[in-house]
Structure formats: C-alpha cells, structure tokens
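Chemist: The following file, entry_18.csv, comprises CSV, C-alpha atoms:
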chain,number,residue,atom,x,y,z
A,1,MET,CA,-10.1,41.7,-27.1
A,2,ILE,CA,-11.9,44.9,-25.9
A,3,THR,CA,-9.5,45.2,-23.0
A,4,ALA,CA,-6.6,44.9,-25.4
A,5,VAL,CA,-8.0,47.7,-27.6
A,6,VAL,CA,-8.5,50.0,-24.6
A,7,LEU,CA,-5.0,49.3,-23.4
A,8,ALA,CA,-3.5,49.9,-26.9
A,9,GLY,CA,-5.4,53.2,-27.1
A,10,TYR,CA,-4.0,54.2,-23.7
A,11,ALA,CA,-0.5,53.3,-24.8
A,12,ALA,CA,-0.9,55.4,-27.9
A,13,LEU,CA,-2.1,58.3,-25.8
A,14,ILE,CA,0.8,58.1,-23.4
A,15,GLY,CA,3.4,57.3,-26.2
A,16,ALA,CA,2.4,59.9,-28.8
A,17,ALA,CA,-0.3,62.4,-27.7
A,18,VAL,CA,0.8,63.4,-24.1
A,19,PRO,CA,4.6,64.0,-24.6
A,20,PRO,CA,4.4,67.1,-26.8
A,21,LEU,CA,1.9,68.6,-24.4
A,22,LEU,CA,4.0,67.9,-21.4
A,23,ALA,CA,7.1,69.2,-23.2
A,24,ARG,CA,5.4,72.5,-23.8
A,25,ALA,CA,3.9,72.8,-20.3
A,26,ARG,CA,4.8,76.1,-18.7
A,27,TRP,CA,4.8,74.7,-15.1
A,28,ALA,CA,7.6,72.2,-16.0
A,29,HIS,CA,10.3,74.9,-16.0
A,30,ARG,CA,9.0,76.2,-12.6
A,31,ALA,CA,8.9,72.8,-11.0
A,32,PRO,CA,11.6,70.7,-12.8
A,33,THR,CA,11.7,68.0,-10.1
A,34,ALA,CA,8.0,67.3,-10.5
A,35,ALA,CA,8.5,67.3,-14.3
A,36,VAL,CA,11.3,64.7,-14.1
A,37,PHE,CA,9.0,62.6,-12.0
A,38,ALA,CA,6.2,63.0,-14.5
A,39,TRP,CA,8.4,61.8,-17.4
A,40,GLN,CA,9.5,58.8,-15.4
A,41,GLY,CA,5.9,58.0,-14.7
A,42,LEU,CA,5.0,58.2,-18.4
A,43,MET,CA,7.8,55.9,-19.3
A,44,ALA,CA,6.8,53.3,-16.7
A,45,THR,CA,3.2,53.6,-17.8
A,46,PHE,CA,4.0,53.0,-21.4
A,47,VAL,CA,5.9,49.8,-20.7
A,48,ILE,CA,3.2,48.4,-18.4
A,49,THR,CA,0.4,49.3,-20.8
A,50,VAL,CA,2.0,47.8,-23.8
A,51,ALA,CA,2.9,44.6,-21.9
A,52,LEU,CA,-0.7,44.2,-20.7
A,53,SER,CA,-2.1,45.0,-24.1
A,54,VAL,CA,0.1,42.3,-25.8
A,55,HIS,CA,-0.9,39.9,-23.1
A,56,HIS,CA,-4.6,40.4,-23.6
A,57,LEU,CA,-4.2,39.8,-27.4
A,58,VAL,CA,-3.6,36.2,-26.5
A,59,PRO,CA,-6.9,34.2,-26.6
A,60,ASN,CA,-8.6,33.9,-23.2
A,61,GLU,CA,-8.0,30.3,-22.9
A,62,HIS,CA,-4.3,30.9,-23.1
A,63,HIS,CA,-4.2,33.7,-20.5
A,64,VAL,CA,-1.9,32.6,-17.8
A,65,HIS,CA,-2.5,35.4,-15.3
A,66,GLU,CA,-1.9,33.3,-12.2
A,67,ARG,CA,1.7,32.8,-13.5
A,68,LEU,CA,2.2,36.5,-14.0
A,69,PHE,CA,2.8,37.4,-10.4
A,70,GLY,CA,-0.7,36.2,-9.4
A,71,LEU,CA,-2.1,39.5,-10.5
A,72,LEU,CA,-5.2,38.3,-12.2
A,73,SER,CA,-6.0,35.7,-9.5
A,74,ILE,CA,-6.3,38.7,-7.2
A,75,CYS,CA,-8.4,40.5,-9.7
A,76,GLY,CA,-10.8,37.6,-10.0
A,77,LEU,CA,-10.0,36.6,-13.6
A,78,ASP,CA,-10.1,32.9,-14.5
A,79,ALA,CA,-6.7,31.6,-15.6
A,80,SER,CA,-8.0,28.0,-16.2
A,81,ALA,CA,-8.8,26.6,-19.6
A,82,PRO,CA,-12.4,25.6,-20.4
A,83,ALA,CA,-13.7,22.4,-18.8
A,84,GLY,CA,-12.5,19.3,-20.5
A,85,ARG,CA,-9.8,21.1,-22.4
A,86,ALA,CA,-6.1,21.2,-21.4
A,87,PRO,CA,-4.3,24.5,-21.8
A,88,SER,CA,-1.9,24.7,-24.7
A,89,ALA,CA,1.7,24.7,-23.8
A,90,ILE,CA,2.4,27.0,-26.8
A,91,GLY,CA,-0.3,29.3,-25.7
A,92,ASP,CA,1.0,29.4,-22.1
A,93,ALA,CA,4.5,30.2,-23.3
A,94,LEU,CA,3.2,32.9,-25.6
A,95,GLY,CA,1.1,34.4,-22.9
A,96,ILE,CA,4.2,34.8,-20.7
A,97,ALA,CA,6.8,35.5,-23.4
A,98,ALA,CA,5.0,38.3,-25.3
A,99,PRO,CA,4.6,40.7,-22.4
A,100,ALA,CA,8.0,39.6,-21.0
A,101,VAL,CA,9.7,40.8,-24.2
A,102,VAL,CA,8.1,44.2,-23.8
A,103,GLY,CA,9.5,44.5,-20.3
A,104,LEU,CA,12.9,43.0,-21.0
A,105,LEU,CA,13.6,45.2,-24.0
A,106,PRO,CA,14.1,48.4,-22.0
A,107,ALA,CA,15.7,46.4,-19.2
A,108,GLY,CA,18.3,45.0,-21.6
A,109,TRP,CA,19.0,48.5,-23.0
A,110,LEU,CA,19.3,49.8,-19.4
A,111,ILE,CA,22.0,47.2,-18.6
A,112,ARG,CA,23.8,48.0,-21.8
A,113,CYS,CA,23.7,51.8,-21.2
A,114,VAL,CA,24.9,51.3,-17.6
A,115,TRP,CA,27.8,49.2,-18.9
A,116,ARG,CA,28.7,51.7,-21.5
A,117,ALA,CA,28.5,54.6,-19.1
A,118,ARG,CA,30.7,52.8,-16.6
A,119,ARG,CA,33.3,52.1,-19.3
A,120,ALA,CA,33.3,55.7,-20.5
A,121,ARG,CA,33.6,57.0,-16.9
A,122,GLY,CA,36.4,54.6,-16.2
A,123,ARG,CA,38.3,55.9,-19.2
A,124,GLN,CA,37.8,59.5,-18.0
A,125,LEU,CA,39.0,58.7,-14.6
A,126,ASP,CA,42.1,57.0,-16.0
A,127,MET,CA,42.8,60.1,-18.1
A,128,LEU,CA,42.4,62.4,-15.1
A,129,ALA,CA,44.8,60.3,-13.1
A,130,LEU,CA,47.4,61.1,-15.8
A,131,VAL,CA,46.8,64.7,-16.8
A,132,GLY,CA,44.6,66.1,-13.9
A,133,GLU,CA,45.9,68.3,-11.1
A,134,PRO,CA,44.2,69.5,-7.9
A,135,ALA,CA,42.6,72.9,-8.2
A,136,HIS,CA,43.9,75.0,-5.4
A,137,GLY,CA,41.1,76.4,-3.4
A,138,TYR,CA,38.5,74.3,-5.0
A,139,ASP,CA,37.4,70.7,-4.5
A,140,ALA,CA,38.0,69.9,-8.2
A,141,THR,CA,40.5,68.6,-10.7
A,142,VAL,CA,42.1,70.8,-13.3
A,143,VAL,CA,43.0,69.7,-16.9
A,144,ASP,CA,45.2,71.8,-19.1
A,145,TYR,CA,42.8,72.8,-21.9
A,146,ASP,CA,42.1,76.3,-23.3
A,147,VAL,CA,38.4,76.0,-23.9
A,148,PRO,CA,36.4,76.9,-20.7
A,149,ALA,CA,34.5,73.9,-19.5
A,150,VAL,CA,33.2,72.6,-16.2
A,151,TYR,CA,31.7,69.1,-15.8
A,152,CYS,CA,31.4,66.3,-13.3
A,153,LEU,CA,31.8,62.5,-13.3
A,154,SER,CA,29.2,61.0,-10.9
A,155,GLY,CA,29.5,57.7,-9.0
A,156,ARG,CA,32.2,56.4,-6.8
A,157,PRO,CA,34.6,58.1,-6.8
A,158,SER,CA,33.1,61.3,-8.1
A,159,ARG,CA,35.0,64.1,-9.8
A,160,VAL,CA,34.4,67.7,-10.6
A,161,VAL,CA,36.6,68.8,-13.5
A,162,VAL,CA,37.5,72.3,-14.6
A,163,THR,CA,39.7,73.3,-17.5
A,164,ARG,CA,42.5,75.8,-17.4
A,165,GLY,CA,40.5,78.0,-19.7
A,166,ALA,CA,37.6,78.1,-17.2
A,167,LEU,CA,39.9,79.2,-14.4
A,168,ASP,CA,41.2,82.0,-16.6
A,169,VAL,CA,37.8,83.5,-17.5
A,170,LEU,CA,35.6,82.8,-14.4
A,171,SER,CA,35.7,85.0,-11.3
A,172,GLU,CA,35.8,83.5,-7.8
A,173,GLU,CA,32.0,83.7,-7.3
A,174,GLU,CA,31.3,82.4,-10.9
A,175,MET,CA,33.6,79.4,-10.4
A,176,ARG,CA,31.9,78.5,-7.1
A,177,ALA,CA,28.5,78.9,-8.6
A,178,VAL,CA,29.3,76.4,-11.4
A,179,LEU,CA,31.0,74.0,-8.9
A,180,GLU,CA,27.8,74.1,-6.8
A,181,HIS,CA,25.9,73.2,-10.0
A,182,GLU,CA,28.1,70.2,-10.6
A,183,ARG,CA,27.9,69.0,-7.0
A,184,ALA,CA,24.1,69.1,-7.3
A,185,HIS,CA,24.4,66.6,-10.1
A,186,ILE,CA,26.6,64.3,-8.0
A,187,VAL,CA,24.5,64.6,-4.8
A,188,GLY,CA,21.2,64.1,-6.7
A,189,ARG,CA,22.6,61.1,-8.7
A,190,HIS,CA,21.4,62.6,-11.9
A,191,HIS,CA,23.5,60.3,-13.9
A,192,LEU,CA,21.1,57.4,-13.0
A,193,LEU,CA,18.1,59.3,-14.5
A,194,HIS,CA,20.2,60.1,-17.6
A,195,VAL,CA,20.8,56.4,-18.1
A,196,LEU,CA,17.1,55.6,-17.6
A,197,ALA,CA,16.1,58.1,-20.2
A,198,GLU,CA,18.8,57.0,-22.6
A,199,ALA,CA,17.8,53.3,-22.3
A,200,PHE,CA,14.1,54.1,-22.9
A,201,SER,CA,14.9,56.1,-26.0
A,202,ARG,CA,17.0,53.3,-27.4
A,203,ALA,CA,14.4,50.6,-26.6
A,204,PHE,CA,11.7,52.5,-28.4
A,205,PRO,CA,13.4,54.6,-31.2
A,206,GLY,CA,11.0,56.9,-33.1
A,207,LEU,CA,8.5,57.0,-30.3
A,208,PRO,CA,7.6,60.6,-29.4
A,209,LEU,CA,7.6,59.8,-25.7
A,210,ALA,CA,11.2,58.4,-26.0
A,211,ARG,CA,12.5,61.5,-27.8
A,212,HIS,CA,10.8,64.0,-25.5
A,213,ALA,CA,11.5,62.1,-22.3
A,214,LYS,CA,15.2,62.1,-23.1
A,215,GLU,CA,15.4,65.7,-24.1
A,216,GLN,CA,13.3,67.0,-21.3
A,217,THR,CA,14.9,64.8,-18.6
A,218,TYR,CA,18.3,66.2,-19.5
A,219,LEU,CA,17.0,69.8,-19.5
A,220,MET,CA,15.1,69.4,-16.2
A,221,LEU,CA,18.1,67.9,-14.4
A,222,GLU,CA,20.2,70.9,-15.5
A,223,MET,CA,17.5,73.2,-14.2
A,224,ILE,CA,17.4,71.4,-10.9
A,225,ALA,CA,21.2,71.8,-10.6
A,226,ASP,CA,20.8,75.5,-11.5
A,227,ASP,CA,18.3,76.0,-8.7
A,228,ARG,CA,20.7,74.4,-6.2
A,229,ALA,CA,23.5,76.8,-7.3
A,230,LEU,CA,21.1,79.7,-6.9
A,231,ARG,CA,20.5,78.9,-3.3
A,232,PHE,CA,24.1,80.0,-2.5
A,233,HIS,CA,25.1,82.3,-5.4
A,234,SER,CA,23.7,85.2,-7.3
A,235,ARG,CA,21.8,84.9,-10.6
A,236,GLU,CA,24.3,87.2,-12.4
A,237,ALA,CA,27.2,85.0,-11.3
A,238,LEU,CA,25.6,81.8,-12.5
A,239,ALA,CA,24.3,83.3,-15.8
A,240,THR,CA,27.7,84.8,-16.6
A,241,ALA,CA,29.5,81.5,-15.9
A,242,MET,CA,27.0,79.6,-18.0
A,243,CYS,CA,27.8,81.9,-20.9
A,244,GLU,CA,31.5,81.6,-20.5
A,245,VAL,CA,31.5,77.8,-20.5
A,246,ALA,CA,28.6,77.3,-23.0
A,247,ALA,CA,31.1,76.3,-25.7
A,248,GLY,CA,32.8,73.6,-23.6
A,249,ARG,CA,31.6,70.1,-24.3
A,250,ALA,CA,31.4,67.6,-21.5
A,251,PRO,CA,32.8,64.1,-22.4
A,252,GLU,CA,30.7,61.0,-22.6
A,253,ALA,CA,29.2,59.9,-19.2
A,254,ALA,CA,29.8,63.4,-17.8
A,255,LEU,CA,27.3,66.2,-16.9
A,256,GLY,CA,28.4,69.8,-17.6
A,257,VAL,CA,27.0,73.2,-16.6
A,258,GLY,CA,27.0,74.1,-20.3
A,259,GLY,CA,24.8,71.2,-21.1
A,260,SER,CA,21.2,70.9,-22.4
A,261,GLY,CA,19.3,74.0,-23.4
A,262,VAL,CA,21.7,76.7,-22.3
A,263,LEU,CA,19.7,79.6,-23.8
A,264,ILE,CA,16.4,78.3,-22.2
A,265,ARG,CA,18.2,78.0,-18.8
A,266,LEU,CA,19.7,81.4,-19.1
A,267,ARG,CA,16.3,83.0,-19.7
A,268,ARG,CA,15.0,81.1,-16.7
A,269,VAL,CA,17.9,82.1,-14.4
A,270,LEU,CA,17.6,85.8,-15.4
A,271,THR,CA,13.8,86.0,-15.4
A,272,PRO,CA,12.7,83.9,-12.5
A,273,HIS,CA,9.0,82.9,-12.0
A,274,ALA,CA,7.3,81.8,-8.9
A,275,ARG,CA,7.1,78.0,-8.3
A,276,PRO,CA,3.6,76.4,-8.8
A,277,HIS,CA,1.5,76.2,-5.7
A,278,ARG,CA,2.2,73.3,-3.5
A,279,ALA,CA,-1.2,71.8,-4.2
A,280,THR,CA,-0.4,71.9,-7.9
A,281,ARG,CA,2.9,70.1,-7.4
A,282,LEU,CA,1.3,67.5,-5.3
A,283,ALA,CA,-1.4,67.0,-7.9
A,284,ILE,CA,1.3,66.5,-10.6
A,285,LEU,CA,3.1,63.9,-8.5
A,286,PHE,CA,-0.2,62.1,-7.7
A,287,ALA,CA,-1.1,62.0,-11.4
A,288,ALA,CA,2.4,60.7,-12.3
A,289,SER,CA,2.1,58.0,-9.6
A,290,MET,CA,-1.4,56.9,-10.6
A,291,ALA,CA,-0.7,56.8,-14.4
A,292,PRO,CA,1.0,53.4,-14.2
A,293,LEU,CA,-1.8,52.0,-12.1
A,294,LEU,CA,-4.6,52.8,-14.5
A,295,PRO,CA,-3.7,50.0,-17.1
A,296,LEU,CA,-3.6,47.5,-14.2
A,297,LEU,CA,-7.1,48.6,-13.1
A,298,VAL,CA,-8.3,48.2,-16.7
A,299,ALA,CA,-6.7,44.7,-17.0
A,300,CYS,CA,-8.2,43.7,-13.7
A,301,GLY,CA,-11.6,45.0,-14.5
A,302,PRO,CA,-14.7,42.7,-14.5
Could the structure of this file be written out as structure tokens, please?

Modeler:
Amino acid sequence: MITAVVLAGYAALIGAAVPPLLARARWAHRAPTAAVFAWQGLMATFVITVALSVHHLVPNEHHVHERLFGLLSICGLDASAPAGRAPSAIGDALGIAAPAVVGLLPAGWLIRCVWRARRARGRQLDMLALVGEPAHGYDATVVDYDVPAVYCLSGRPSRVVVTRGALDVLSEEEMRAVLEHERAHIVGRHHLLHVLAEAFSRAFPGLPLARHAKEQTYLMLEMIADDRALRFHSREALATAMCEVAAGRAPEAALGVGGSGVLIRLRRVLTPHARPHRATRLAILFAASMAPLLPLLVACGP
C-alpha cells in the first residue's frame, strides 16, 4: 500500500504540478527539440506510474507480477500466494486487468486518432486531385483560394499546398522560406507527434499534463520547423511570410506555417536567443529518459 501511495503521489506530480512549470520554462523556446522529448517523456511516465499504482492497490496475495512481463520476478518480489492458499482467479484477473486498462486507454485513443487523421488526409488528397494544380517553380500544389495559406499533408504521398492568395502576396524568398518550413514538418514526421499528443489529451481529458502537452507539442514542432527554414532563409523573409499567412487556416490533418502561437513564434524569430549549452540539453534529455524508469524502480524496490 505504501508503494501505491508513493506512485500515486509521483503520478500527481507529473500530471498536475510539473506541466505548468515546463510550459513556462524559458529554455524550451531555445531548445524546442529537447522540449518535445521532455513532454513525450512526461506522458509516458504518467501512464507507467498510474498503471503501477493501480496494480499495487491490489492486495499482495493477488499480485501477479510474474505474469506482467516477468518484471517483479526480476526485481525479487514474490508473486506466489501464501502457503496453503491458492491464488484467487478474480484477484489474478484484477491484478492484470486494472493496469492493462490504464495502458490500453491511450493506446485505443491513439488508434482512433490515427484512423481519423488518415481519413481526413485521404479526403484532402482527393480534393487536391480535383482542384489542385502544380505550382510552377515550386514543389507544391496550388488551390484557387483568395486567403493566403500554406500547409502540408504528411505521410505517403506528402503534399505541400499553397493558395492562390499566398502566391499573390509572398515574394520569391518568402515563399521559399515557408515551403522550407512545411518540408521540415514532412521530413521530421511531425504529424506522428501531433497524433500522440492528441490521443493522450483525449485519453485523459481535464488533466493539466494532457492540455499542456498538446499545446506545447504543437508549438514546439512549429518552432522546430521555423529553425529549419532559418537555416536557408533570412529572419525577415520568414517573419513577413508568417504575418501574411497567419489568417490562413490549415485543414484537419494538415500542418500550416500560420499554426500554433504565431505571435510567440514571430517574437522568437525576430529576437533570437542563444541555444542552451550542450550540457544543459543533454541533462534535459537524460532527465526525460529517466523519468519513466523511476516508477519502475519504486515498484521493484525491496
């Protein structure tokens, strides 16, 4: 029972106390890749911790650790019932089912979100096949729409889409800057991280970690794409293009340069700051990697 209480406290810390702090961390905007990794680590930690906490709420004689991947047999915990007493079939089932539900809940939402995203992407590709035209001089598809917008559809096949309005208002360098931004989303497979954050937020609605992880993951991925565009194009070109297409909305299952936190990203692009020291970034990555292991060490404790 003490182990269950400790694990529950750790889950509360990860699920409610840490996310607002991480969302306000100044280093995150200077190292968005490390920040995305940190949010993914927190989500994994929460699921593992809650599953182990629920498992330890089952009375000791019903713990079926050897059947849970052999974890507790390695840790030296006794999975057998007291001498002369057969383990309860109901207790065994509860010991497996309770933590399994915690893990299957986000997994089920992940499958549903992937399915919905694939359907939405399929509809967009079908629409582009009907109304889209090749953009001369750009590796993109043009749609006849007056509102300036640029977005991408990741996956296979991938598409970068620009509206006629964007072609009218963006200069050559500005257009190539936003196209590089969209290609960064495609190459980095950012749509997969979008789906993970979306599934977690739907599995645990109302949880501060779920809300912050979704918002910050979306924002950090846009910053990562901004940084990729800035390798090849000027800050002024990217900032101007972001302002021009800010009003354009990307359709469902698409990622657009005018996406999450445009004002925050504009300030970041125009007033750059030095990246955190390499040792700091490595420490962040190490902490994010170790966070999911801590509840396992607590569960395996003597």

Chemist: For A:Ala34, which residue among A:Ser289, A:Val298, A:Pro205, A:Val142 is the nearest when counting all atoms listed in the file?

Modeler: A:Ser289

Chemist: Pull the closest atom pair for each residue of stretch 25-53 of chain A that gets at most 10 Å from stretch 196-201 of chain A, along with the distance in Å to one decimal, counting all atoms listed in the file, ordering rows by chain and then ascending residue number, as a Markdown table.

Modeler:
| residue | atom | partner | partner_atom | distance |
| --- | --- | --- | --- | --- |
| A:Trp39 | CA | A:Ala197 | CA | 9.0 |
| A:Gln40 | CA | A:Ala197 | CA | 8.2 |
| A:Met43 | CA | A:Phe200 | CA | 7.5 |
| A:Ala44 | CA | A:Phe200 | CA | 9.6 |
| A:Val47 | CA | A:Phe200 | CA | 9.5 |

Chemist: Taking only C-alpha atoms into account, name the residue in A:Arg231, A:Arg30, A:Arg164, A:His191 that is nearest to A:Arg121.

Modeler: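 Of A:Arg231, A:Arg30, A:Arg164, A:His191, the one nearest A:Arg121, counting only C-alpha atoms, is A:His191.
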
Chemist: Near stretch 52-54 of chain A, within 8 Å and counting only C-alpha atoms, which residues show up once chain neighbours fewer than 6 positions away are dropped, as a ChimeraX atom specification?

Modeler: /A:3-5,7-8,98-99,295-296,299

Chemist: Using all atoms listed in the file, which of A:Ala225, A:Glu215, A:Val114, A:Ala210 sits nearest A:Gly188?

Modeler: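 Distance minimum relative to A:Gly188 lands on A:Ala225.
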
Chemist: Of the candidates A:Gly41, A:Pro20, A:Pro272, A:Gly103, which shows the shortest atom-to-atom distance to A:Phe204, using only C-alpha atoms?

Modeler: A:Gly103

Chemist: What's the separation between atom CA of A:His212 and atom CA of A:Ala35, in Å to one decimal place?

Modeler: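 It comes out at 11.9 Å.
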
Chemist: What does the structure give for the distance between atom CA of A:Pro208 and atom CA of A:Pro19, in Å to one decimal?

Modeler: 6.6 Å

Chemist: So, with all atoms listed in the file as the atoms that count, which of A:Ala203, A:Ile186, A:Leu105, A:Ala51 lies closest to A:Ser154?

Modeler: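 That would be A:Ile186, the residue with the smallest distance to A:Ser154.
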
Chemist: Counting all atoms listed in the file, which of A:Thr280, A:Thr45, A:Ser234, A:Ser171 gets nearest to A:Ala28?

Modeler: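 Ranking A:Thr280, A:Thr45, A:Ser234, A:Ser171 by distance to A:Ala28, first place goes to A:Thr280.
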
Chemist: Just to confirm, what's the straight-line distance from atom CA of A:Val187 to atom CA of A:Phe232 in Å (one decimal)?

Modeler: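 For atom CA of A:Val187 relative to atom CA of A:Phe232, the distance reads 15.6 Å.
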
Chemist: Write out as a PyMOL selection string the residues lying within 10 Å of A:Ala12, counting only C-alpha atoms and excluding same-chain residues fewer than 2 positions away.

Modeler: chain A and resi 6-10+14-18+46+49-50+207+209

Chemist: Show which residues sit within 12 Å of A:Thr240, as a PyMOL selection string. Count only C-alpha atoms, and ignore same-chain residues fewer than 4 positions away.

Modeler: chain A and resi 166+169-171+173-175+177-178+233-236+244-246+257-258+262-263+265-267+269-270
